[in-house]
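The file structure-v9.cif contains mmCIF, C-alpha atoms:
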```cif
data_work
loop_
_atom_site.label_atom_id
_atom_site.label_comp_id
_atom_site.auth_asym_id
_atom_site.auth_seq_id
_atom_site.Cartn_x
_atom_site.Cartn_y
_atom_site.Cartn_z
CA GLU A 19 -8.96 -53.53 -24.54
CA ALA A 20 -8.57 -50.52 -22.25
CA ILE A 21 -5.39 -51.98 -20.73
CA ASN A 22 -3.94 -52.68 -24.19
CA ARG A 23 -4.80 -49.17 -25.34
CA ARG A 24 -3.12 -47.68 -22.26
CA SER A 25 -0.08 -49.91 -22.77
CA ARG A 26 0.26 -48.76 -26.37
CA TYR A 27 -0.02 -45.16 -25.23
CA LEU A 28 2.69 -45.62 -22.60
CA ARG A 29 4.95 -47.42 -25.09
CA ASP A 30 4.54 -44.69 -27.70
CA PHE A 31 4.97 -42.00 -25.05
CA ALA A 32 8.20 -43.57 -23.79
CA ALA A 33 9.56 -43.82 -27.33
CA SER A 34 8.73 -40.18 -28.05
CA LEU A 35 10.19 -39.08 -24.72
CA SER A 36 13.41 -40.96 -25.44
CA HIS A 37 13.66 -39.30 -28.85
CA GLU A 38 13.07 -35.81 -27.42
CA PHE A 39 15.81 -36.26 -24.81
CA LYS A 40 18.38 -37.92 -27.07
CA THR A 41 19.06 -34.93 -29.31
CA PRO A 42 19.94 -32.35 -26.63
CA LEU A 43 21.81 -34.97 -24.59
CA ALA A 44 23.87 -35.89 -27.65
CA GLY A 45 24.66 -32.22 -28.20
CA ILE A 46 25.83 -31.75 -24.61
CA ARG A 47 27.90 -34.95 -24.68
CA GLY A 48 29.48 -34.02 -28.01
CA GLY A 49 30.38 -30.56 -26.72
CA ILE A 50 31.95 -31.99 -23.58
CA GLU A 51 34.06 -34.44 -25.60
CA LEU A 52 35.25 -31.70 -27.94
CA LEU A 53 36.21 -29.47 -25.03
CA GLN A 54 37.98 -32.34 -23.27
CA ASP A 55 39.94 -33.39 -26.33
CA HIS A 56 40.64 -30.04 -27.99
CA GLY A 57 39.73 -27.40 -25.44
CA GLU A 58 43.27 -26.23 -24.79
CA GLY A 59 43.91 -25.52 -28.46
CA MET A 60 40.54 -23.92 -29.19
CA SER A 61 40.12 -20.24 -29.83
CA ALA A 62 38.06 -18.31 -27.31
CA GLU A 63 35.36 -17.83 -29.96
CA ASP A 64 35.03 -21.56 -30.69
CA ARG A 65 34.99 -22.41 -27.00
CA ALA A 66 32.27 -19.82 -26.37
CA ARG A 67 30.24 -21.17 -29.31
CA PHE A 68 30.32 -24.75 -28.02
CA LEU A 69 29.42 -23.63 -24.49
CA THR A 70 26.50 -21.58 -25.84
CA ASN A 71 25.21 -24.59 -27.79
CA MET A 72 25.47 -26.79 -24.71
CA GLU A 73 23.65 -24.20 -22.62
CA GLY A 74 20.84 -24.13 -25.20
CA ASP A 75 20.53 -27.93 -25.07
CA ALA A 76 20.46 -27.84 -21.28
CA ARG A 77 17.70 -25.20 -21.35
CA ARG A 78 15.64 -27.40 -23.69
CA LEU A 79 16.04 -30.39 -21.35
CA SER A 80 15.01 -28.25 -18.38
CA LYS A 81 11.95 -26.99 -20.28
CA LEU A 82 10.98 -30.54 -21.24
CA VAL A 83 11.20 -31.70 -17.64
CA SER A 84 9.09 -28.78 -16.42
CA ARG A 85 6.43 -29.37 -19.08
CA LEU A 86 6.37 -33.10 -18.34
CA MET A 87 5.73 -32.31 -14.68
CA GLU A 88 2.86 -30.04 -15.70
CA LEU A 89 1.43 -32.80 -17.91
CA ALA A 90 1.70 -35.36 -15.08
CA GLN A 91 -0.01 -33.01 -12.61
CA ALA A 92 -2.81 -32.24 -15.07
CA ASP A 93 -3.27 -35.89 -16.03
CA MET A 94 -3.41 -37.06 -12.39
CA ALA A 95 -5.88 -34.40 -11.24
CA ARG A 96 -9.41 -35.54 -10.55
CA PRO A 97 -12.68 -33.63 -10.22
CA SER A 98 -13.86 -32.97 -6.68
CA ALA A 99 -15.84 -35.86 -5.24
CA GLY A 100 -18.14 -36.34 -2.30
CA GLY A 101 -18.41 -33.27 -0.13
CA GLY A 102 -15.43 -31.48 -1.62
CA GLU A 103 -15.89 -27.91 -2.73
CA VAL A 104 -16.43 -27.56 -6.48
CA PRO A 105 -14.17 -24.91 -8.02
CA ARG A 106 -15.77 -21.93 -9.77
CA SER A 107 -14.39 -19.77 -12.54
CA ASN A 108 -15.69 -16.34 -13.45
CA VAL A 109 -15.23 -16.70 -17.21
CA SER A 110 -15.60 -13.00 -18.03
CA ALA A 111 -12.93 -12.06 -15.48
CA VAL A 112 -10.51 -14.71 -16.81
CA ILE A 113 -11.02 -13.62 -20.42
CA ALA A 114 -10.57 -9.95 -19.48
CA ARG A 115 -7.18 -10.76 -17.94
CA LEU A 116 -6.17 -12.75 -21.02
CA ILE A 117 -7.10 -9.92 -23.38
CA ASP A 118 -5.02 -7.50 -21.31
CA ALA A 119 -2.07 -9.90 -21.36
CA HIS A 120 -2.14 -11.15 -24.96
CA ALA A 121 -3.80 -8.56 -27.21
CA ALA A 122 -1.19 -6.54 -29.09
CA PRO A 123 -0.69 -4.59 -32.31
CA GLY A 124 -1.03 -7.13 -35.10
CA PHE A 125 -2.96 -9.59 -32.91
CA ALA A 126 -6.58 -8.70 -32.13
CA LEU A 127 -8.18 -10.69 -29.32
CA THR A 128 -11.94 -10.35 -28.86
CA ALA A 129 -14.60 -12.14 -26.82
CA THR A 130 -18.38 -12.47 -26.95
CA VAL A 131 -19.71 -14.09 -23.80
CA GLU A 132 -23.50 -14.40 -23.63
CA ASP A 133 -25.40 -12.72 -20.82
CA GLY A 134 -25.86 -14.99 -17.84
CA PHE A 135 -23.06 -17.32 -18.89
CA PRO A 136 -22.51 -19.56 -15.86
CA ALA A 137 -19.44 -20.07 -13.73
CA LEU A 138 -17.48 -23.15 -14.80
CA ALA A 139 -16.38 -26.01 -12.54
CA ILE A 140 -12.65 -25.41 -12.91
CA GLU A 141 -10.11 -23.34 -11.01
CA GLU A 142 -9.51 -19.95 -12.64
CA GLU A 143 -5.76 -20.63 -12.82
CA ALA A 144 -6.38 -23.87 -14.74
CA LEU A 145 -8.91 -22.22 -17.08
CA GLU A 146 -6.47 -19.39 -17.73
CA THR A 147 -3.71 -21.90 -18.52
CA VAL A 148 -5.88 -23.72 -21.08
CA LEU A 149 -7.08 -20.55 -22.82
CA ALA A 150 -3.62 -18.93 -22.78
CA THR A 151 -2.15 -22.03 -24.45
CA LEU A 152 -4.72 -21.83 -27.25
CA ILE A 153 -4.23 -18.08 -27.68
CA GLU A 154 -0.45 -18.36 -27.85
CA ASN A 155 -0.67 -21.26 -30.31
CA ALA A 156 -2.81 -19.11 -32.62
CA ARG A 157 -0.42 -16.19 -32.39
CA GLN A 158 2.63 -18.36 -33.05
CA ALA A 159 0.89 -19.96 -36.04
CA GLY A 160 0.62 -16.53 -37.67
CA ALA A 161 -2.96 -15.52 -36.84
CA SER A 162 -3.67 -11.80 -36.62
CA ALA A 163 -7.03 -12.18 -34.87
CA LEU A 164 -8.71 -14.61 -32.50
CA ALA A 165 -12.33 -14.54 -31.31
CA ILE A 166 -13.70 -16.28 -28.21
CA THR A 167 -17.40 -17.16 -28.25
CA SER A 168 -19.52 -18.94 -25.66
CA GLY A 169 -22.23 -21.58 -25.68
CA HIS A 170 -24.33 -23.09 -22.89
CA ARG A 171 -26.56 -26.16 -22.87
CA GLY A 172 -27.80 -27.80 -19.69
CA ARG A 173 -25.01 -28.76 -17.30
CA MET A 174 -22.23 -28.13 -19.81
CA ALA A 175 -20.88 -24.91 -21.28
CA SER A 176 -18.33 -24.26 -23.98
CA LEU A 177 -15.86 -21.68 -25.20
CA ALA A 178 -14.81 -21.72 -28.86
CA LEU A 179 -11.56 -20.03 -29.87
CA THR A 180 -11.43 -19.32 -33.60
CA ASP A 181 -8.51 -17.63 -35.34
CA ASN A 182 -7.75 -16.42 -38.86
CA GLY A 183 -4.41 -18.19 -39.19
CA PRO A 184 -3.39 -20.89 -41.65
CA GLY A 185 -5.32 -23.56 -39.74
CA VAL A 186 -4.26 -27.09 -38.86
CA PRO A 187 -3.09 -29.10 -41.91
CA GLU A 188 -5.37 -32.01 -42.70
CA GLY A 189 -2.58 -34.51 -42.08
CA ASP A 190 -1.91 -33.10 -38.60
CA LYS A 191 -5.49 -33.02 -37.27
CA ALA A 192 -5.42 -36.59 -35.95
CA ARG A 193 -2.26 -36.03 -33.90
CA VAL A 194 -2.44 -32.38 -32.86
CA PHE A 195 -3.06 -33.46 -29.23
CA ASP A 196 -0.32 -36.13 -29.24
CA PRO A 197 2.48 -35.45 -26.73
CA PHE A 198 5.63 -34.04 -28.37
CA PHE A 199 3.93 -33.35 -31.71
CA THR A 200 4.89 -29.82 -32.79
CA SER A 201 5.71 -27.88 -35.93
CA LYS A 202 7.61 -25.28 -33.87
CA ARG A 203 10.45 -27.42 -32.50
CA GLU A 204 13.11 -25.14 -34.04
CA ASN A 205 11.58 -22.26 -32.08
CA GLY A 206 11.63 -24.10 -28.77
CA GLY A 207 8.26 -25.82 -28.97
CA THR A 208 7.92 -28.98 -26.86
CA GLY A 209 4.65 -30.31 -28.26
CA LEU A 210 3.23 -30.53 -24.74
CA GLY A 211 1.03 -27.42 -24.56
CA LEU A 212 -2.09 -28.95 -26.11
CA PRO A 213 -1.77 -32.28 -24.25
CA ILE A 214 -1.52 -30.35 -20.96
CA ALA A 215 -4.52 -28.19 -21.88
CA ARG A 216 -6.60 -31.24 -22.80
CA ALA A 217 -5.58 -33.07 -19.61
CA LEU A 218 -6.63 -30.07 -17.51
CA ALA A 219 -10.03 -30.03 -19.22
CA GLU A 220 -10.61 -33.78 -18.96
CA SER A 221 -9.54 -33.94 -15.32
CA ARG A 222 -12.37 -31.47 -14.56
CA GLY A 223 -14.94 -33.56 -16.43
CA GLY A 224 -14.70 -31.61 -19.68
CA SER A 225 -13.07 -31.88 -23.08
CA LEU A 226 -10.90 -29.99 -25.55
CA GLU A 227 -11.44 -30.72 -29.23
CA LEU A 228 -10.47 -29.38 -32.61
CA GLY A 229 -13.59 -27.76 -34.05
CA GLU A 230 -14.77 -27.18 -37.60
CA THR A 231 -14.24 -23.81 -39.25
CA ALA A 232 -14.14 -22.47 -42.80
CA GLY A 233 -10.73 -20.91 -42.29
CA GLY A 234 -8.07 -20.75 -39.62
CA ALA A 235 -8.24 -23.02 -36.59
CA CYS A 236 -10.97 -23.55 -34.02
CA PHE A 237 -10.61 -25.22 -30.64
CA VAL A 238 -13.66 -25.92 -28.47
CA LEU A 239 -13.31 -26.17 -24.68
CA THR A 240 -16.29 -27.77 -22.93
CA LEU A 241 -16.62 -27.87 -19.13
CA PRO A 242 -19.28 -28.63 -16.52
CA VAL A 243 -21.23 -25.75 -15.04
CA ALA A 244 -20.43 -25.00 -11.39
CA GLY A 245 -23.20 -25.26 -8.83
#
```
I'd like the structure from this file rewritten - as structure tokens, please.
Amino acid sequence: EAINRRSRYLRDFAASLSHEFKTPLAGIRGGIELLQDHGEGMSAEDRARFLTNMEGDARRLSKLVSRLMELAQADMARPSAGGGEVPRSNVSAVIARLIDAHAAPGFALTATVEDGFPALAIEEEALETVLATLIENARQAGASALAITSGHRGRMASLALTDNGPGVPEGDKARVFDPFFTSKRENGGTGLGLPIARALAESRGGSLELGETAGGACFVLTLPVAG
């Protein structure tokens, strides 16, 4: 059953990947053919327009490749085993950096981290990547405020990120973590941010889930405690 499930995932992933690459490749190929066949008679404005469109398609392909590499690296990572050193993240320090980087007029970013909240078993760079992805998703969805709250039980600890945006439509909740699923494709979205964030969490023995909230969206990151 596990093998069949993985096979279905790989088949669906390959189909989605093919679809994502076909559109920009078709745009580049079409532009090249137009320039080859009619380039000499084109006005400078038309030629510049086609070249600009081709450059945009090439940038999208480059971004897709980079994000796919990030997804592969996150998916292949494994928690430290045996005598390896367990990574430690100072959560308050990471959140302070994120507030400095992402808070802006029209987007309030606040955090309430309980006293004695433990270090988490994840590299600070990876934790910052996950949280920054969730923060940017909220901002791009139209939220004007996002609050980070903490929770701690036993060997696991969590961070909940709750915003006041429009929330995730009911029909999208089941596939919000699917690779290439995005409602922001026209703005350059690749649909790989959340899959990368979830893979980073799972590779460290944690999870990233869509939480329940009365309004807006809520994502809950759960990770093992370090030490």
Practice item. Excluding region 127-134 of chain A and any residue of its chain fewer than 3 positions from it, enumerate the residues within 12 Å of it, using all atoms listed in the file, and give them as an NGL selection string. Key: :A and (108-124 or 137 or 149-150 or 152-154 or 156-157 or 161-170 or 175-182)
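For the atom pair formed by CA of Arg173 (chain A) and CA of Gly245 (chain A), the distance is 9.3 Å, given to one decimal.
Separating CA of Leu28 (chain A) from CA of Leu239 (chain A) is a distance of 25.3 Å.
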Practice item. Pick out the residues sitting within 12 Å of region 187-191 of chain A, and hand them over as a PyMOL selection string; count only C-alpha atoms, and ignore anything fewer than 4 positions along from it in its own chain. Key: chain A and resi 159+183+195-196+199-201+227-230+233-237
Write the residues you've just listed into a file as a compact mmCIF listing (two decimals), keeping the file's coordinate frame, and include C-alpha atoms for each of them.
```txt
# COMPACT_ATOMS: atom_id res chain seq x y z
CA ALA A 159 0.89 -19.96 -36.04
CA GLY A 183 -4.41 -18.19 -39.19
CA PHE A 195 -3.06 -33.46 -29.23
CA ASP A 196 -0.32 -36.13 -29.24
CA PHE A 199 3.93 -33.35 -31.71
CA THR A 200 4.89 -29.82 -32.79
CA SER A 201 5.71 -27.88 -35.93
CA GLU A 227 -11.44 -30.72 -29.23
CA LEU A 228 -10.47 -29.38 -32.61
CA GLY A 229 -13.59 -27.76 -34.05
CA GLU A 230 -14.77 -27.18 -37.60
CA GLY A 233 -10.73 -20.91 -42.29
CA GLY A 234 -8.07 -20.75 -39.62
CA ALA A 235 -8.24 -23.02 -36.59
CA CYS A 236 -10.97 -23.55 -34.02
CA PHE A 237 -10.61 -25.22 -30.64
```
Check your understanding: Between CA of Arg78 (chain A) and CA of Ala62 (chain A), what is the spacing in Å?
Key -> 24.5 Å
**Study point:** Residues returned when the PyMOL selection byres ((chain A and resi 209) around 7) runs on this file, as a ChimeraX atom specification
**Key:** /A:197-200,207-208,210-211
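For the set A:Ile214, A:Ala66, A:Leu35, A:Leu145, the residue with the smallest atom-to-atom gap to Leu82 (chain A) is A:Leu35, counting all atoms listed in the file.
When all atoms listed in the file are used to compute distances to Leu43 (chain A), the closest of the residues A:Met72, A:Met60, A:Asp55, A:Ala20 turns out to be A:Met72.
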What box, with edges along x, y and z, holds each listed atom of region 39-57 of chain A when 4 Å is added on every side, and can you state its centre and edge lengths in Å to one decimal, as JSON?
```
{"center_x": 28.2, "center_y": -32.7, "center_z": -26.3, "size_x": 32.8, "size_y": 18.5, "size_z": 14.0}
```
Since the input is missing atoms for region 207-233 of chain A, could you rebuild it with N, CA, C and O atoms and give the result as a PDB file, keeping the file's coordinate frame?
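Below is the file that was written, part-v8.pdb:
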```pdb
ATOM      1  N   GLY A 207       9.496 -25.138 -29.316  1.00  0.00           N
ATOM      2  CA  GLY A 207       8.260 -25.820 -28.970  1.00  0.00           C
ATOM      3  C   GLY A 207       8.520 -27.228 -28.456  1.00  0.00           C
ATOM      4  O   GLY A 207       9.394 -27.934 -28.969  1.00  0.00           O
ATOM      5  N   THR A 208       7.756 -27.638 -27.443  1.00  0.00           N
ATOM      6  CA  THR A 208       7.920 -28.980 -26.860  1.00  0.00           C
ATOM      7  C   THR A 208       6.835 -29.946 -27.318  1.00  0.00           C
ATOM      8  O   THR A 208       6.969 -31.157 -27.123  1.00  0.00           O
ATOM      9  N   GLY A 209       5.746 -29.429 -27.892  1.00  0.00           N
ATOM     10  CA  GLY A 209       4.650 -30.310 -28.260  1.00  0.00           C
ATOM     11  C   GLY A 209       3.861 -30.818 -27.070  1.00  0.00           C
ATOM     12  O   GLY A 209       3.182 -31.841 -27.155  1.00  0.00           O
ATOM     13  N   LEU A 210       3.929 -30.096 -25.943  1.00  0.00           N
ATOM     14  CA  LEU A 210       3.230 -30.530 -24.740  1.00  0.00           C
ATOM     15  C   LEU A 210       2.122 -29.571 -24.312  1.00  0.00           C
ATOM     16  O   LEU A 210       1.343 -29.875 -23.409  1.00  0.00           O
ATOM     17  N   GLY A 211       2.034 -28.411 -24.950  1.00  0.00           N
ATOM     18  CA  GLY A 211       1.030 -27.420 -24.560  1.00  0.00           C
ATOM     19  C   GLY A 211      -0.386 -27.929 -24.707  1.00  0.00           C
ATOM     20  O   GLY A 211      -1.187 -27.859 -23.758  1.00  0.00           O
ATOM     21  N   LEU A 212      -0.730 -28.444 -25.882  1.00  0.00           N
ATOM     22  CA  LEU A 212      -2.090 -28.950 -26.110  1.00  0.00           C
ATOM     23  C   LEU A 212      -2.404 -30.190 -25.275  1.00  0.00           C
ATOM     24  O   LEU A 212      -3.507 -30.299 -24.732  1.00  0.00           O
ATOM     25  N   PRO A 213      -1.477 -31.162 -25.146  1.00  0.00           N
ATOM     26  CA  PRO A 213      -1.770 -32.280 -24.250  1.00  0.00           C
ATOM     27  C   PRO A 213      -2.034 -31.844 -22.806  1.00  0.00           C
ATOM     28  O   PRO A 213      -2.914 -32.403 -22.137  1.00  0.00           O
ATOM     29  N   ILE A 214      -1.287 -30.848 -22.318  1.00  0.00           N
ATOM     30  CA  ILE A 214      -1.520 -30.350 -20.960  1.00  0.00           C
ATOM     31  C   ILE A 214      -2.884 -29.686 -20.876  1.00  0.00           C
ATOM     32  O   ILE A 214      -3.656 -29.922 -19.928  1.00  0.00           O
ATOM     33  N   ALA A 215      -3.220 -28.865 -21.878  1.00  0.00           N
ATOM     34  CA  ALA A 215      -4.520 -28.190 -21.880  1.00  0.00           C
ATOM     35  C   ALA A 215      -5.660 -29.192 -21.901  1.00  0.00           C
ATOM     36  O   ALA A 215      -6.647 -29.055 -21.169  1.00  0.00           O
ATOM     37  N   ARG A 216      -5.543 -30.228 -22.735  1.00  0.00           N
ATOM     38  CA  ARG A 216      -6.600 -31.240 -22.800  1.00  0.00           C
ATOM     39  C   ARG A 216      -6.705 -32.010 -21.486  1.00  0.00           C
ATOM     40  O   ARG A 216      -7.805 -32.294 -21.006  1.00  0.00           O
ATOM     41  N   ALA A 217      -5.561 -32.350 -20.885  1.00  0.00           N
ATOM     42  CA  ALA A 217      -5.580 -33.070 -19.610  1.00  0.00           C
ATOM     43  C   ALA A 217      -6.240 -32.243 -18.517  1.00  0.00           C
ATOM     44  O   ALA A 217      -6.985 -32.773 -17.682  1.00  0.00           O
ATOM     45  N   LEU A 218      -5.989 -30.938 -18.496  1.00  0.00           N
ATOM     46  CA  LEU A 218      -6.630 -30.070 -17.510  1.00  0.00           C
ATOM     47  C   LEU A 218      -8.138 -30.064 -17.696  1.00  0.00           C
ATOM     48  O   LEU A 218      -8.893 -30.114 -16.720  1.00  0.00           O
ATOM     49  N   ALA A 219      -8.590 -30.018 -18.953  1.00  0.00           N
ATOM     50  CA  ALA A 219     -10.030 -30.030 -19.220  1.00  0.00           C
ATOM     51  C   ALA A 219     -10.655 -31.361 -18.825  1.00  0.00           C
ATOM     52  O   ALA A 219     -11.704 -31.405 -18.153  1.00  0.00           O
ATOM     53  N   GLU A 220     -10.030 -32.460 -19.231  1.00  0.00           N
ATOM     54  CA  GLU A 220     -10.610 -33.780 -18.960  1.00  0.00           C
ATOM     55  C   GLU A 220     -10.612 -34.114 -17.481  1.00  0.00           C
ATOM     56  O   GLU A 220     -11.527 -34.788 -16.997  1.00  0.00           O
ATOM     57  N   SER A 221      -9.599 -33.646 -16.751  1.00  0.00           N
ATOM     58  CA  SER A 221      -9.540 -33.940 -15.320  1.00  0.00           C
ATOM     59  C   SER A 221     -10.644 -33.215 -14.550  1.00  0.00           C
ATOM     60  O   SER A 221     -10.958 -33.572 -13.421  1.00  0.00           O
ATOM     61  N   ARG A 222     -11.242 -32.192 -15.169  1.00  0.00           N
ATOM     62  CA  ARG A 222     -12.370 -31.470 -14.560  1.00  0.00           C
ATOM     63  C   ARG A 222     -13.705 -31.915 -15.154  1.00  0.00           C
ATOM     64  O   ARG A 222     -14.724 -31.260 -14.981  1.00  0.00           O
ATOM     65  N   GLY A 223     -13.700 -33.036 -15.872  1.00  0.00           N
ATOM     66  CA  GLY A 223     -14.940 -33.560 -16.430  1.00  0.00           C
ATOM     67  C   GLY A 223     -15.333 -32.951 -17.749  1.00  0.00           C
ATOM     68  O   GLY A 223     -16.480 -33.102 -18.192  1.00  0.00           O
ATOM     69  N   GLY A 224     -14.402 -32.261 -18.423  1.00  0.00           N
ATOM     70  CA  GLY A 224     -14.700 -31.610 -19.680  1.00  0.00           C
ATOM     71  C   GLY A 224     -13.932 -32.204 -20.839  1.00  0.00           C
ATOM     72  O   GLY A 224     -13.464 -33.346 -20.793  1.00  0.00           O
ATOM     73  N   SER A 225     -13.778 -31.409 -21.889  1.00  0.00           N
ATOM     74  CA  SER A 225     -13.070 -31.880 -23.080  1.00  0.00           C
ATOM     75  C   SER A 225     -12.475 -30.683 -23.816  1.00  0.00           C
ATOM     76  O   SER A 225     -12.894 -29.540 -23.626  1.00  0.00           O
ATOM     77  N   LEU A 226     -11.483 -30.983 -24.653  1.00  0.00           N
ATOM     78  CA  LEU A 226     -10.900 -29.990 -25.550  1.00  0.00           C
ATOM     79  C   LEU A 226     -10.750 -30.655 -26.899  1.00  0.00           C
ATOM     80  O   LEU A 226     -10.060 -31.666 -27.020  1.00  0.00           O
ATOM     81  N   GLU A 227     -11.421 -30.096 -27.914  1.00  0.00           N
ATOM     82  CA  GLU A 227     -11.440 -30.720 -29.230  1.00  0.00           C
ATOM     83  C   GLU A 227     -11.122 -29.697 -30.311  1.00  0.00           C
ATOM     84  O   GLU A 227     -11.305 -28.490 -30.123  1.00  0.00           O
ATOM     85  N   LEU A 228     -10.667 -30.207 -31.427  1.00  0.00           N
ATOM     86  CA  LEU A 228     -10.470 -29.380 -32.610  1.00  0.00           C
ATOM     87  C   LEU A 228     -11.818 -29.239 -33.301  1.00  0.00           C
ATOM     88  O   LEU A 228     -12.452 -30.241 -33.657  1.00  0.00           O
ATOM     89  N   GLY A 229     -12.286 -27.994 -33.462  1.00  0.00           N
ATOM     90  CA  GLY A 229     -13.590 -27.760 -34.050  1.00  0.00           C
ATOM     91  C   GLY A 229     -13.510 -27.530 -35.552  1.00  0.00           C
ATOM     92  O   GLY A 229     -12.427 -27.446 -36.135  1.00  0.00           O
ATOM     93  N   GLU A 230     -14.678 -27.429 -36.164  1.00  0.00           N
ATOM     94  CA  GLU A 230     -14.770 -27.180 -37.600  1.00  0.00           C
ATOM     95  C   GLU A 230     -14.880 -25.685 -37.856  1.00  0.00           C
ATOM     96  O   GLU A 230     -15.601 -24.976 -37.156  1.00  0.00           O
ATOM     97  N   THR A 231     -14.165 -25.206 -38.863  1.00  0.00           N
ATOM     98  CA  THR A 231     -14.240 -23.810 -39.250  1.00  0.00           C
ATOM     99  C   THR A 231     -13.848 -23.667 -40.707  1.00  0.00           C
ATOM    100  O   THR A 231     -13.073 -24.485 -41.225  1.00  0.00           O
ATOM    101  N   ALA A 232     -14.404 -22.645 -41.365  1.00  0.00           N
ATOM    102  CA  ALA A 232     -14.140 -22.470 -42.800  1.00  0.00           C
ATOM    103  C   ALA A 232     -12.705 -22.063 -43.057  1.00  0.00           C
ATOM    104  O   ALA A 232     -12.125 -22.397 -44.093  1.00  0.00           O
ATOM    105  N   GLY A 233     -12.114 -21.335 -42.145  1.00  0.00           N
ATOM    106  CA  GLY A 233     -10.730 -20.910 -42.290  1.00  0.00           C
ATOM    107  C   GLY A 233     -10.075 -20.757 -40.938  1.00  0.00           C
ATOM    108  O   GLY A 233     -10.752 -20.575 -39.921  1.00  0.00           O
TER     109      GLY A 233
END
```
